[in-house]
Amino acid sequence: MRAPISVVIPTLNAAASLSDTLAALVEGLDAGLVTELIVSDGGSTDGTQALADAWGANVIEGAPSRGGQLRRGCAAARAPWLMVLHADTVLEPGWSDVVAAHLGKTGAGYFRLRFDRGGSFVAGWANRRARWFGLPYGDQGLVMPRTLYDQAGGYPDIPLMEDVAMARALRGHLHPLDAVAVTSATRYRAQGWIRRGARNLWLLMQYLGGADPHRLAARYRA
């Protein structure tokens with residue numbers, strides 16, 4: 001029987017973090033869960049593509065837009081289930097048993113967030129936000145059947161808030177998984193936990209209020 005999951009990871013100059021992310025997926029390969037790894041790259045210049053190729057990934061190239069990259073990656077996937085991860089997110093040991101159990105369900109699952117250095121309050125809020133409002137962010141990962149992904153319309157080709165758009169499309173089908181996704185806290189530590197958290201919340205409120213994601217992305221990069 002063919003392994004049921006295609007893993008899709010969007011990348012852009014992610015060589016520094018990608019190896020740890022991929023190493024954590026070996027558990028899923030050994031468990032017979034992962035059939036292919038798709039790295040959807042947005043034009044990296046730091047060796048990300050060569051690294052992904054060395055790990056045996058199917059590397060897809062395209063314009064740098066996380067939503068577009070995810071859409072292309074998921075379109076190329078062949079397995080009946082998709083697992084979407086960020087390139088700086090590492091699944092803690094034991095995740096494969098939890099995901100295997102989830103495959104018997106019809107909904108989408110997301111992991112419990114933890115940062116690699118500090119940020120317990122921010123992570124706690126993110127996990128509560130996901131449960132209370134059905135809004136897990138991309139750094140919490142997403143595991144879903146391909147049929148549900150197609151039913152939701154797939155990721156929109158937008159440079160920011162693609163994870164929020166997908167979560168809203170999956171409303172009523174999202175379930176927390178009892179496994180941890182450890183995400184890099186580098187940007188939070190560089191910008192300040194409160195400052196970046198408030199900024200992210202403000203961007204979310206603007207997006208939910210109808211702001212153009214392309215304009216929001218320009219502000220986010222600035």
# chains A, B, ... in the order shown; residues from 1 in each chain; ligands from 1
call {"tool": "residues_around", "arguments": {"residues": "range 81-83 of chain A", "least_positions_apart": "4", "cutoff": "6 Å", "atoms": "only C-alpha atoms", "output": "NGL selection string"}}
result
:A and (4-7 or 142-146)
call {"tool": "select_by_dssp", "arguments": {"residues": "range 32-163 of chain A", "states": "helix (DSSP H, G or I)", "output": "ChimeraX atom specification"}}
result
/A:48-54,66-76,95-102,120-133,138-140,146-151,162-163
call {"tool": "closest_atom_pairs", "arguments": {"of": "range 58-170 of chain A", "to": "range 12-29 of chain A", "cutoff": "6 Å", "atoms": "only C-alpha atoms", "output": "tab-separated table"}}
result
residue	atom	partner	partner_atom	distance
A:Ala87	CA	A:Leu18	CA	5.3
A:Asp88	CA	A:Ser17	CA	5.2
A:Thr89	CA	A:Thr21	CA	5.8
A:Val90	CA	A:Thr21	CA	4.7
A:Leu91	CA	A:Ala24	CA	5.9
A:Ser96	CA	A:Gly28	CA	5.4
call {"tool": "residues_around", "arguments": {"residues": "Ser40 in chain A", "least_positions_apart": "3", "cutoff": "10 Å", "atoms": "only C-alpha atoms", "output": "list in words"}}
result
Val8, Ile9, Pro10, Thr11, Leu12, Leu37, Gly43, Gln49, Ala52, Ala57, Asn58, Val59, Ile60, Glu61, Gly62, Ala63, Pro64, Arg66, Gly68, Gln69, Leu70, Arg71, Arg72, Gly73, Cys74 and Ala76 of chain A
call {"tool": "select_by_dssp", "arguments": {"residues": "range 1-217 of chain A", "states": "strand (DSSP E)", "output": "PyMOL selection string"}}
result
chain A and resi 5-11+34-41+58-61+81-84+89-91+108-115+142-145+174-183
call {"tool": "closest_atom_pairs", "arguments": {"of": "range 125-184 of chain A", "to": "range 208-214 of chain A", "cutoff": "8 Å", "atoms": "only C-alpha atoms", "output": "Markdown table"}}
result
| residue | atom | partner | partner_atom | distance |
| --- | --- | --- | --- | --- |
| A:Ile158 | CA | A:Pro213 | CA | 6.5 |
| A:Pro159 | CA | A:His214 | CA | 6.2 |
| A:Leu160 | CA | A:Pro213 | CA | 5.7 |
| A:Met161 | CA | A:Pro213 | CA | 6.8 |
call {"tool": "atom_distance", "arguments": {"atom1": "CA of Val39 in chain A", "atom2": "CA of Ala190 in chain A"}}
result
26.7 Å
call {"tool": "closest_residue", "arguments": {"among": "A:Gly118, A:Gly141, A:Pro136, A:Gly56", "to": "Arg171 in chain A", "atoms": "only C-alpha atoms"}}
result
A:Pro136
call {"tool": "closest_residue", "arguments": {"among": "A:Ala217, A:Ile194, A:Leu33, A:Ala167", "to": "Asp97 in chain A", "atoms": "only C-alpha atoms"}}
result
A:Leu33
call {"tool": "closest_residue", "arguments": {"among": "A:Tyr188, A:Ala108, A:Trp193, A:Phe133", "to": "Ala152 in chain A", "atoms": "only C-alpha atoms"}}
result
A:Ala108
call {"tool": "closest_residue", "arguments": {"among": "A:Ala165, A:Ala198, A:Val34, A:Ala50", "to": "Gly134 in chain A", "atoms": "only C-alpha atoms"}}
result
A:Ala165
call {"tool": "closest_residue", "arguments": {"among": "A:Gly104, A:Pro156, A:Gly119, A:Pro93", "to": "Gly197 in chain A", "atoms": "only C-alpha atoms"}}
result
A:Gly119
call {"tool": "atom_distance", "arguments": {"atom1": "CA of Ala179 in chain A", "atom2": "CA of Gly94 in chain A"}}
result
7.2 Å
call {"tool": "atom_distance", "arguments": {"atom1": "CA of His86 in chain A", "atom2": "CA of Asn200 in chain A"}}
result
17.0 Å
